[in-house]
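Student: One file: target_21.txt (compact mmCIF, C-alpha atoms).
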# COMPACT_ATOMS: atom_id res chain seq x y z
CA MET A 1 -15.12 -8.23 -6.51
CA SER A 2 -14.74 -6.16 -3.34
CA ARG A 3 -11.40 -4.44 -2.62
CA ILE A 4 -11.92 -4.60 1.14
CA TRP A 5 -12.60 -7.72 3.20
CA TYR A 6 -13.50 -8.09 6.86
CA PHE A 7 -12.54 -11.13 8.94
CA SER A 8 -14.46 -11.30 12.20
CA GLY A 9 -14.53 -13.67 15.13
CA SER A 10 -18.23 -14.31 15.70
CA GLU A 11 -20.68 -16.35 17.76
CA SER A 12 -22.24 -17.96 14.70
CA GLY A 13 -21.46 -18.30 11.02
CA GLU A 14 -20.59 -20.61 8.19
CA LEU A 15 -16.96 -21.14 9.10
CA ARG A 16 -16.37 -23.03 12.34
CA ILE A 17 -12.97 -22.31 13.88
CA THR A 18 -11.41 -25.72 14.55
CA SER A 19 -8.08 -24.49 15.89
CA SER A 20 -6.43 -21.23 16.82
CA LYS A 21 -2.66 -21.02 17.20
CA CYS A 22 -0.64 -17.99 18.17
CA LEU A 23 2.80 -18.49 16.63
CA ARG A 24 4.33 -15.17 17.65
CA GLY A 25 3.21 -12.09 19.55
CA GLU A 26 -0.15 -11.48 21.14
CA PRO A 27 -3.00 -13.95 20.48
CA LEU A 28 -6.44 -13.01 19.14
CA PRO A 29 -9.45 -13.46 21.45
CA ASN A 30 -11.09 -16.87 21.05
CA ALA A 31 -14.25 -17.12 18.95
CA PRO A 32 -16.23 -20.14 17.76
CA PHE A 33 -16.79 -18.91 14.17
CA LEU A 34 -15.05 -16.80 11.55
CA THR A 35 -17.10 -14.52 9.31
CA VAL A 36 -15.54 -13.39 6.03
CA GLY A 37 -17.27 -10.67 4.09
CA SER A 38 -16.92 -7.45 2.21
CA GLN A 39 -19.15 -5.48 4.60
CA GLN A 40 -18.14 -4.22 8.02
CA PRO A 41 -19.86 -6.46 10.60
CA THR A 42 -22.92 -4.81 12.12
CA ARG A 43 -23.45 -7.35 14.92
CA GLU A 44 -21.20 -7.47 17.96
CA VAL A 45 -18.06 -9.47 17.18
CA VAL A 46 -15.17 -10.93 19.19
CA PHE A 47 -12.59 -9.36 16.87
CA SER A 48 -12.69 -7.70 13.48
CA LEU A 49 -9.77 -7.29 11.10
CA CYS A 50 -9.82 -5.81 7.63
CA GLY A 51 -7.53 -5.45 4.66
CA VAL A 52 -7.60 -4.48 1.02
CA ILE A 53 -6.62 -6.30 -2.15
CA SER A 54 -3.81 -4.44 -3.88
CA ASN A 55 -1.19 -4.85 -6.57
CA GLU A 56 1.63 -7.34 -6.03
CA ARG A 57 4.78 -5.93 -4.50
CA TYR A 58 7.46 -8.46 -5.47
CA VAL A 59 6.61 -10.78 -8.33
CA THR A 60 8.27 -10.48 -11.72
CA ARG A 61 6.37 -10.89 -14.97
CA ALA A 62 7.60 -14.50 -15.38
CA GLU A 63 6.55 -15.38 -11.83
CA LYS A 64 3.21 -13.67 -12.26
CA GLN A 65 2.50 -15.66 -15.42
CA GLU A 66 3.40 -18.88 -13.65
CA LEU A 67 1.15 -17.97 -10.70
CA VAL A 68 -1.77 -16.93 -12.89
CA SER A 69 -1.54 -20.12 -14.96
CA ARG A 70 -1.70 -22.33 -11.85
CA GLN A 71 -3.74 -20.49 -9.24
CA VAL A 72 -7.33 -21.40 -8.47
CA ALA A 73 -10.29 -19.42 -7.17
CA LEU A 74 -11.49 -19.42 -3.59
CA GLY A 75 -14.81 -21.12 -2.89
CA ARG A 76 -14.47 -24.29 -4.98
CA PRO A 77 -17.22 -26.75 -3.96
CA GLY A 78 -14.85 -29.27 -2.33
CA ALA A 79 -12.72 -26.65 -0.58
CA THR A 80 -14.40 -26.94 2.80
CA ALA A 81 -11.18 -26.48 4.81
CA GLY A 82 -9.82 -22.99 5.30
CA ALA A 83 -7.17 -21.01 7.10
CA PHE A 84 -6.91 -17.38 8.10
CA ILE A 85 -3.40 -16.13 8.88
CA PRO A 86 -2.85 -12.54 9.97
CA ILE A 87 0.81 -11.46 10.08
CA LYS A 88 2.73 -8.43 11.21
CA LYS A 89 6.33 -7.86 10.13
CA ASN A 90 8.71 -5.88 12.30
CA ALA A 91 10.11 -2.38 11.83
CA ASP A 92 13.40 -3.80 10.48
CA TRP A 93 11.53 -5.29 7.52
CA TRP A 94 9.79 -2.05 6.68
CA ALA A 95 13.04 -0.09 6.93
CA LEU A 96 14.57 -2.26 4.19
CA SER A 97 14.71 -0.95 0.65
CA GLN A 98 12.72 -2.63 -2.12
CA ASP A 99 15.75 -4.56 -3.49
CA GLU A 100 16.60 -5.84 -0.01
CA ARG A 101 13.02 -6.97 0.63
CA ARG A 102 12.81 -8.67 -2.76
CA LYS A 103 16.14 -10.45 -2.14
CA ILE A 104 14.95 -11.84 1.18
CA PHE A 105 11.46 -12.60 -0.17
CA GLU A 106 12.51 -14.65 -3.18
CA ALA A 107 16.28 -15.07 -3.67
CA ASP A 108 16.80 -16.15 -0.05
CA SER A 109 13.38 -17.39 1.06
CA HIS A 110 11.85 -18.64 -2.22
CA HIS A 111 8.44 -17.39 -1.08
CA ILE A 112 6.98 -17.52 -4.61
CA ALA A 113 8.57 -20.87 -5.51
CA VAL A 114 7.33 -22.41 -2.25
CA GLY A 115 3.87 -20.99 -2.84
CA LEU A 116 3.78 -22.39 -6.38
CA ARG A 117 4.30 -25.92 -5.01
CA ALA A 118 0.93 -25.64 -3.20
CA LEU A 119 -0.87 -24.85 -6.47
CA PRO A 120 -3.43 -25.76 -7.63
CA GLN A 121 -4.53 -27.42 -4.40
CA VAL A 122 -4.56 -24.29 -2.21
CA ALA A 123 -6.45 -21.12 -3.14
CA ARG A 124 -5.25 -17.90 -1.55
CA ARG A 125 -6.13 -14.21 -1.28
CA LEU A 126 -3.79 -11.64 0.27
CA HIS A 127 -5.11 -8.48 1.93
CA HIS A 128 -2.94 -5.48 2.86
CA CYS A 129 -3.57 -3.55 6.09
CA ARG A 130 -0.55 -1.29 6.42
CA ASP A 131 -1.81 1.68 4.44
CA LEU A 132 -5.32 2.00 5.87
CA VAL A 133 -6.21 5.25 7.64
CA GLU A 134 -6.54 3.63 11.07
CA PRO A 135 -3.37 1.84 12.26
CA GLN A 136 -4.03 -1.92 12.15
CA PRO A 137 -2.69 -4.71 14.37
CA PHE A 138 -1.43 -6.72 11.37
CA ASP A 139 0.25 -5.90 8.05
CA PHE A 140 -1.28 -8.74 6.02
CA LEU A 141 -4.29 -11.01 6.24
CA THR A 142 -4.17 -14.15 4.13
CA TRP A 143 -7.19 -16.30 3.50
CA PHE A 144 -6.80 -19.82 2.11
CA ASP A 145 -9.14 -22.66 1.22
CA PHE A 146 -8.55 -26.23 0.11
CA ALA A 147 -10.10 -29.68 0.19
CA PRO A 148 -9.64 -31.43 3.56
CA GLU A 149 -7.56 -34.16 1.87
CA ASP A 150 -5.10 -31.48 0.71
CA THR A 151 -4.40 -30.38 4.27
CA PRO A 152 -0.87 -31.91 4.16
CA VAL A 153 -0.02 -29.74 1.12
CA PHE A 154 -1.08 -26.68 3.09
CA ASP A 155 0.79 -27.80 6.21
CA ASP A 156 3.97 -28.26 4.16
CA LEU A 157 3.54 -24.77 2.68
CA LEU A 158 3.31 -23.20 6.14
CA GLY A 159 6.23 -25.25 7.46
CA GLU A 160 8.49 -24.23 4.60
CA LEU A 161 7.58 -20.53 4.76
CA ARG A 162 8.07 -20.38 8.52
CA ALA A 163 11.59 -21.78 8.19
CA THR A 164 12.67 -18.98 5.83
CA GLU A 165 14.79 -15.91 6.50
CA GLU A 166 11.74 -13.82 5.58
CA TRP A 167 9.90 -15.21 8.60
CA THR A 168 12.58 -13.92 11.01
CA PHE A 169 10.97 -10.52 10.36
CA VAL A 170 7.52 -11.71 11.45
CA GLU A 171 6.73 -10.36 14.91
CA ARG A 172 3.10 -11.45 15.17
CA GLU A 173 1.38 -14.41 13.53
CA ILE A 174 -1.91 -16.15 14.25
CA GLU A 175 -3.24 -19.22 12.47
CA LEU A 176 -6.95 -20.02 12.51
CA ARG A 177 -8.11 -23.20 10.84
CA VAL A 178 -11.76 -23.37 9.86
CA GLU A 179 -14.24 -25.75 8.29
CA ARG A 180 -17.42 -24.87 6.51
CA ASP A 181 -20.24 -25.75 8.86
CA PRO A 182 -22.53 -28.12 6.89
CA SER A 183 -25.60 -27.05 8.90
CA THR A 184 -25.30 -23.46 7.68
CA SER A 185 -23.73 -23.86 4.26
CA THR A 186 -25.61 -22.33 1.39
CA MET B 187 4.75 12.34 12.80
CA SER B 188 1.27 11.52 11.50
CA ARG B 189 0.85 8.67 9.00
CA ILE B 190 -2.21 10.25 7.42
CA TRP B 191 -2.44 13.70 5.89
CA TYR B 192 -5.42 15.64 4.57
CA PHE B 193 -5.19 18.20 1.77
CA SER B 194 -8.28 20.37 1.54
CA GLY B 195 -9.39 23.19 -0.65
CA SER B 196 -10.66 25.83 1.76
CA GLU B 197 -12.00 29.38 1.98
CA SER B 198 -9.21 30.49 4.30
CA GLY B 199 -5.88 29.19 5.48
CA GLU B 200 -2.15 29.68 5.54
CA LEU B 201 -1.47 28.49 2.04
CA ARG B 202 -2.87 30.68 -0.72
CA ILE B 203 -3.40 28.84 -4.00
CA THR B 204 -1.66 30.93 -6.65
CA SER B 205 -2.33 28.64 -9.60
CA SER B 206 -4.24 25.50 -10.39
CA LYS B 207 -3.47 23.46 -13.49
CA CYS B 208 -5.20 20.32 -14.66
CA LEU B 209 -2.63 18.43 -16.72
CA ARG B 210 -4.70 15.31 -17.41
CA GLY B 211 -8.17 14.04 -16.52
CA GLU B 212 -10.81 15.83 -14.51
CA PRO B 213 -9.89 19.08 -12.68
CA LEU B 214 -10.39 19.72 -8.97
CA PRO B 215 -12.92 22.37 -7.93
CA ASN B 216 -11.35 25.80 -7.49
CA ALA B 217 -10.53 26.97 -3.98
CA PRO B 218 -8.64 30.04 -2.75
CA PHE B 219 -6.61 28.23 -0.05
CA LEU B 220 -5.08 24.82 0.61
CA THR B 221 -5.13 23.39 4.11
CA VAL B 222 -2.64 20.65 4.95
CA GLY B 223 -3.06 18.78 8.20
CA SER B 224 -3.14 15.45 9.93
CA GLN B 225 -6.76 15.81 11.05
CA GLN B 226 -9.82 15.36 8.88
CA PRO B 227 -11.22 18.85 8.18
CA THR B 228 -14.24 19.63 10.34
CA ARG B 229 -15.30 22.78 8.49
CA GLU B 230 -16.94 22.67 5.09
CA VAL B 231 -14.31 22.37 2.37
CA VAL B 232 -14.25 22.65 -1.41
CA PHE B 233 -12.42 19.33 -1.76
CA SER B 234 -10.62 16.99 0.62
CA LEU B 235 -8.04 14.39 -0.33
CA CYS B 236 -6.06 12.15 1.99
CA GLY B 237 -3.19 9.72 1.83
CA VAL B 238 -0.83 7.85 4.10
CA ILE B 239 2.94 7.77 4.39
CA SER B 240 4.21 4.27 3.65
CA ASN B 241 7.39 2.38 2.84
CA GLU B 242 9.12 3.06 -0.47
CA ARG B 243 8.18 0.76 -3.31
CA TYR B 244 11.10 1.06 -5.74
CA VAL B 245 14.32 2.46 -4.30
CA THR B 246 17.36 0.28 -3.77
CA ARG B 247 19.56 0.56 -0.69
CA ALA B 248 22.15 2.64 -2.59
CA GLU B 249 19.47 5.01 -3.90
CA LYS B 250 17.88 5.28 -0.47
CA GLN B 251 21.20 6.22 1.12
CA GLU B 252 21.77 8.86 -1.54
CA LEU B 253 18.25 10.24 -1.01
CA VAL B 254 18.52 10.25 2.79
CA SER B 255 21.89 12.01 2.66
CA ARG B 256 20.53 14.81 0.48
CA GLN B 257 16.87 15.24 1.30
CA VAL B 258 15.61 18.09 3.46
CA ALA B 259 12.62 18.50 5.76
CA LEU B 260 9.41 20.26 4.83
CA GLY B 261 8.69 23.55 6.57
CA ARG B 262 12.11 25.22 6.38
CA PRO B 263 11.72 28.93 7.24
CA GLY B 264 12.51 30.21 3.72
CA ALA B 265 10.43 27.56 1.96
CA THR B 266 7.36 29.73 1.43
CA ALA B 267 6.53 28.32 -2.01
CA GLY B 268 4.76 25.00 -2.25
CA ALA B 269 3.11 22.63 -4.66
CA PHE B 270 0.50 19.93 -4.23
CA ILE B 271 0.33 17.36 -7.03
CA PRO B 272 -2.25 14.56 -6.88
CA ILE B 273 -1.74 11.83 -9.49
CA LYS B 274 -3.63 8.78 -10.66
CA LYS B 275 -1.94 6.12 -12.76
CA ASN B 276 -3.95 3.99 -15.16
CA ALA B 277 -4.96 0.33 -14.93
CA ASP B 278 -2.13 -0.69 -17.28
CA TRP B 279 0.41 0.55 -14.73
CA TRP B 280 -1.15 -1.40 -11.88
CA ALA B 281 -1.35 -4.55 -13.98
CA LEU B 282 2.42 -4.50 -14.45
CA SER B 283 4.59 -6.75 -12.30
CA GLN B 284 7.04 -5.24 -9.81
CA ASP B 285 10.07 -5.72 -12.09
CA GLU B 286 8.25 -4.07 -15.00
CA ARG B 287 7.21 -1.10 -12.85
CA ARG B 288 10.73 -0.72 -11.45
CA LYS B 289 12.21 -0.84 -14.96
CA ILE B 290 9.93 1.94 -16.21
CA PHE B 291 10.30 3.93 -12.98
CA GLU B 292 14.09 4.06 -12.88
CA ALA B 293 15.88 2.27 -15.75
CA ASP B 294 13.73 3.99 -18.40
CA SER B 295 12.43 7.10 -16.65
CA HIS B 296 15.20 7.86 -14.12
CA HIS B 297 12.60 9.03 -11.60
CA ILE B 298 15.00 8.77 -8.67
CA ALA B 299 17.96 10.30 -10.51
CA VAL B 300 15.79 13.20 -11.73
CA GLY B 301 14.43 13.69 -8.21
CA LEU B 302 17.94 13.74 -6.74
CA ARG B 303 18.87 16.67 -8.97
CA ALA B 304 16.24 18.80 -7.17
CA LEU B 305 17.85 18.09 -3.79
CA PRO B 306 18.45 19.78 -1.44
CA GLN B 307 16.40 22.69 -2.79
CA VAL B 308 13.02 20.92 -2.91
CA ALA B 309 11.51 19.10 0.08
CA ARG B 310 8.94 16.43 -0.69
CA ARG B 311 6.54 14.06 1.04
CA LEU B 312 4.70 11.28 -0.81
CA HIS B 313 1.31 9.99 0.37
CA HIS B 314 -0.31 6.78 -0.88
CA CYS B 315 -4.08 6.59 -1.46
CA ARG B 316 -4.57 3.33 -3.30
CA ASP B 317 -4.95 1.02 -0.32
CA LEU B 318 -7.35 3.06 1.80
CA VAL B 319 -10.73 1.52 2.60
CA GLU B 320 -12.70 4.03 0.58
CA PRO B 321 -11.72 4.18 -3.11
CA GLN B 322 -9.88 7.45 -3.72
CA PRO B 323 -9.79 9.67 -6.83
CA PHE B 324 -5.94 9.65 -6.89
CA ASP B 325 -3.21 7.08 -6.24
CA PHE B 326 -0.60 9.48 -4.86
CA LEU B 327 -0.54 12.94 -3.33
CA THR B 328 2.81 14.68 -3.32
CA TRP B 329 3.50 17.77 -1.28
CA PHE B 330 6.57 19.91 -1.97
CA ASP B 331 8.02 23.11 -0.55
CA PHE B 332 10.94 25.26 -1.57
CA ALA B 333 12.22 28.84 -1.47
CA PRO B 334 10.59 31.05 -4.15
CA GLU B 335 14.01 31.60 -5.78
CA ASP B 336 14.32 27.82 -6.29
CA THR B 337 11.11 27.68 -8.35
CA PRO B 338 13.11 27.04 -11.57
CA VAL B 339 14.66 23.92 -9.97
CA PHE B 340 11.16 22.66 -9.18
CA ASP B 341 9.85 23.56 -12.65
CA ASP B 342 12.71 21.61 -14.24
CA LEU B 343 11.92 18.60 -12.04
CA LEU B 344 8.29 18.57 -13.16
CA GLY B 345 9.21 19.07 -16.81
CA GLU B 346 11.66 16.20 -16.78
CA LEU B 347 9.32 13.79 -15.00
CA ARG B 348 6.40 14.60 -17.26
CA ALA B 349 8.51 13.78 -20.33
CA THR B 350 9.26 10.23 -19.08
CA GLU B 351 7.78 6.91 -20.14
CA GLU B 352 6.46 6.56 -16.57
CA TRP B 353 4.21 9.59 -17.12
CA THR B 354 2.49 7.92 -20.10
CA PHE B 355 0.72 5.86 -17.40
CA VAL B 356 -0.61 8.97 -15.63
CA GLU B 357 -4.31 9.39 -16.38
CA ARG B 358 -5.07 12.25 -13.98
CA GLU B 359 -2.77 14.96 -12.68
CA ILE B 360 -3.46 18.28 -11.02
CA GLU B 361 -0.87 20.84 -9.98
CA LEU B 362 -1.64 23.44 -7.34
CA ARG B 363 1.00 26.05 -6.55
CA VAL B 364 0.71 27.76 -3.19
CA GLU B 365 2.43 30.44 -1.16
CA ARG B 366 2.38 30.87 2.57
CA ASP B 367 0.07 33.78 3.27
CA PRO B 368 2.10 36.28 5.38
CA SER B 369 -1.04 37.64 7.08
CA THR B 370 -1.85 34.25 8.63
CA SER B 371 1.59 32.68 9.01
CA THR B 372 2.49 31.57 12.52
Transcribe the structure of this file into structure tokens.

Tutor:
Amino acid sequence: MSRIWYFSGSESGELRITSSKCLRGEPLPNAPFLTVGSQQPTREVVFSLCGVISNERYVTRAEKQELVSRQVALGRPGATAGAFIPIKKNADWWALSQDERRKIFEADSHHIAVGLRALPQVARRLHHCRDLVEPQPFDFLTWFDFAPEDTPVFDDLLGELRATEEWTFVEREIELRVERDPSTST
Amino acid sequence: MSRIWYFSGSESGELRITSSKCLRGEPLPNAPFLTVGSQQPTREVVFSLCGVISNERYVTRAEKQELVSRQVALGRPGATAGAFIPIKKNADWWALSQDERRKIFEADSHHIAVGLRALPQVARRLHHCRDLVEPQPFDFLTWFDFAPEDTPVFDDLLGELRATEEWTFVEREIELRVERDPSTST
């Protein structure tokens, strides 16, 4: 399992971008396909973002056990719908202490509890960008997949998270929805 | 202020390495000087390590205020003694949840309280290496400076931290002591 993942807007690929929404801040350039991989793209791309898998920053042992018992892997055969959501939080968030961030994250915003309600339908992988050598345009890249019929579960998840206090600290957010292109699927 | 810092073992420089101890795990190659800078070294070096400054992971607001009120900047004129301590924690540490790590870090090991006792004599900067693109040999690089007469304060700090439960998770630790070389100081 690679630590680093690249998400690139490309002219061809297995994941067709079906919608691109800029919720806050500057949009990403439009591209017809998203390429997700553990190698830096060698072809010319429309945009390229990368992040690394790291340890969790907020969950307690009890929450982690609950998450682990219910979470599912990316790439299940029926999970042909996907979403890529890069997010940047503002300087106020990063100036908070750990206890303040945890309070907003869970006690006030119920981020983990809300996320648990989308399990096991939605698979998710979080990538961190803040501590890479080169400054990155986003702090987090999250990659989700789910069966098309579970799209309402995913929509509810996004709606609930975006209404939280935590989200008042988000200064840039893009949402790309994708579908696996049947003509190129392996 | 640069986010990224490079620590290189070099054949010349402003910081003469006066001692090199390997406390756990594999040693670093011996070098006569340490070079600290925000640019990747262009000359041939004996070793080169890098890390980035990031947000704190454990301190509460009250602890942060106490730290900020007492901490001092690196590079004070009399602070001609220094220490560079790269550390790697083991997989057990990184598999812990945030609440378990915080408990060991402060409730059991009093890392912050112990650190506060060395203020304002010892200046410190912590660099994170775990979330860089290229896997790194250490998780943290810490750089300290202090006046030579405050060496006992620094020695006590190290002794107390190394006796904690937190340190049972350290699988590699090197300690380089340096002094500013008067012949090359600016």

Student: Quick one: everything within 7 Å of stretch 260-272 of chain B, counting only C-alpha atoms, minus sequence neighbours fewer than 4 positions away in the same chain. Send it as a list in words.

Tutor: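 Residues near the query, excluding close chain neighbours: Ala309, Arg310, Phe324, Phe326, Leu327, Thr328, Trp329, Phe330, Asp331, Phe332, Ala333, Pro334, Glu359, Ile360, Glu361, Leu362, Arg363, Val364, Glu365 and Arg366 of chain B.
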
Student: Atom CA of B:Val339 and atom CA of B:Arg303, how far apart in Å?

Tutor: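 Separation between atom CA of B:Arg303 and atom CA of B:Val339: 8.4 Å.
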
Student: Excluding same-chain residues fewer than 5 positions from B:Asp342, what lies within 12 Å of it counting all atoms listed in the file, as a compact mmCIF listing (two decimals) with C-alpha atoms, in the frame of the given file?

Tutor:
# COMPACT_ATOMS: atom_id res chain seq x y z
CA VAL B 300 15.79 13.20 -11.73
CA GLY B 301 14.43 13.69 -8.21
CA ARG B 303 18.87 16.67 -8.97
CA ALA B 304 16.24 18.80 -7.17
CA VAL B 308 13.02 20.92 -2.91
CA ASP B 336 14.32 27.82 -6.29
CA THR B 337 11.11 27.68 -8.35
CA LEU B 347 9.32 13.79 -15.00
CA ARG B 348 6.40 14.60 -17.26
CA ALA B 349 8.51 13.78 -20.33

Student: Using only C-alpha atoms, determine which residues lie at most 12 Å from A:Glu63, disregarding the query and same-chain residues fewer than 4 positions distant; provide the list as an NGL selection string.

Tutor: (:A and (56 or 58-59 or 67-71 or 106 or 110-116)) or (:B and (282-286))

Student: Take the residues just selected and output them with C-alpha atoms as a compact mmCIF listing (two decimals), in the coordinates of the input.

Tutor:
# COMPACT_ATOMS: atom_id res chain seq x y z
CA GLU A 56 1.63 -7.34 -6.03
CA TYR A 58 7.46 -8.46 -5.47
CA VAL A 59 6.61 -10.78 -8.33
CA LEU A 67 1.15 -17.97 -10.70
CA VAL A 68 -1.77 -16.93 -12.89
CA SER A 69 -1.54 -20.12 -14.96
CA ARG A 70 -1.70 -22.33 -11.85
CA GLN A 71 -3.74 -20.49 -9.24
CA GLU A 106 12.51 -14.65 -3.18
CA HIS A 110 11.85 -18.64 -2.22
CA HIS A 111 8.44 -17.39 -1.08
CA ILE A 112 6.98 -17.52 -4.61
CA ALA A 113 8.57 -20.87 -5.51
CA VAL A 114 7.33 -22.41 -2.25
CA GLY A 115 3.87 -20.99 -2.84
CA LEU A 116 3.78 -22.39 -6.38
CA LEU B 282 2.42 -4.50 -14.45
CA SER B 283 4.59 -6.75 -12.30
CA GLN B 284 7.04 -5.24 -9.81
CA ASP B 285 10.07 -5.72 -12.09
CA GLU B 286 8.25 -4.07 -15.00

Student: What are the residues of chain A lining chain B at 9 Å or less? Count all atoms listed in the file, and put the answer as a ChimeraX atom specification.

Tutor: /A:3-4,50-64,94-100,128-135

Student: Under the rule that only C-alpha atoms are counted, which of B:Arg229, B:Leu201, B:Lys289, B:Gln307 is the nearest residue to B:Asp341?

Tutor: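 Looking at the shortest contact to B:Asp341, the residue is B:Gln307.
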
Student: When distances are computed from all atoms listed in the file, which of B:Asp278, B:Glu351, B:Ser295, B:Phe219 shows the smallest separation from B:Ser206?

Tutor: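 Comparing B:Asp278, B:Glu351, B:Ser295, B:Phe219 against B:Ser206, the winner is B:Phe219.
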
Student: In Å, with one decimal, what is the gap from atom CA of B:Ser234 to atom CA of B:Glu212?

Tutor: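 Interatomic distance here is 15.2 Å.
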
Student: Quick one: pull the distance between atom CA of B:Ala259 and atom CA of B:Ser188, Å, one decimal.

Tutor: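 Between atom CA of B:Ala259 and atom CA of B:Ser188 the gap works out to 14.5 Å.
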
Student: May I ask which of the residues A:Lys88, A:Arg125, A:Arg16, A:Lys21 is the closest one to A:Thr168, counting all atoms listed in the file?

Tutor: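 So, comparing all the options, the nearest one is A:Lys88.
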
Student: A:Leu34: which residues within 8 Å, counting all atoms listed in the file, same-chain residues fewer than 2 positions away excluded, as a short mmCIF file (atom, residue, chain, number, x, y, z; two decimals) with C-alpha atoms, in the coordinates of the input?

Tutor:
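Ended up saving to around.cif:
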data_model
loop_
_atom_site.label_atom_id
_atom_site.label_comp_id
_atom_site.auth_asym_id
_atom_site.auth_seq_id
_atom_site.Cartn_x
_atom_site.Cartn_y
_atom_site.Cartn_z
CA PHE A 7 -12.54 -11.13 8.94
CA SER A 8 -14.46 -11.30 12.20
CA GLY A 9 -14.53 -13.67 15.13
CA SER A 10 -18.23 -14.31 15.70
CA SER A 12 -22.24 -17.96 14.70
CA GLY A 13 -21.46 -18.30 11.02
CA GLU A 14 -20.59 -20.61 8.19
CA LEU A 15 -16.96 -21.14 9.10
CA ARG A 16 -16.37 -23.03 12.34
CA ILE A 17 -12.97 -22.31 13.88
CA ALA A 31 -14.25 -17.12 18.95
CA PRO A 32 -16.23 -20.14 17.76
CA VAL A 36 -15.54 -13.39 6.03
CA VAL A 178 -11.76 -23.37 9.86
#
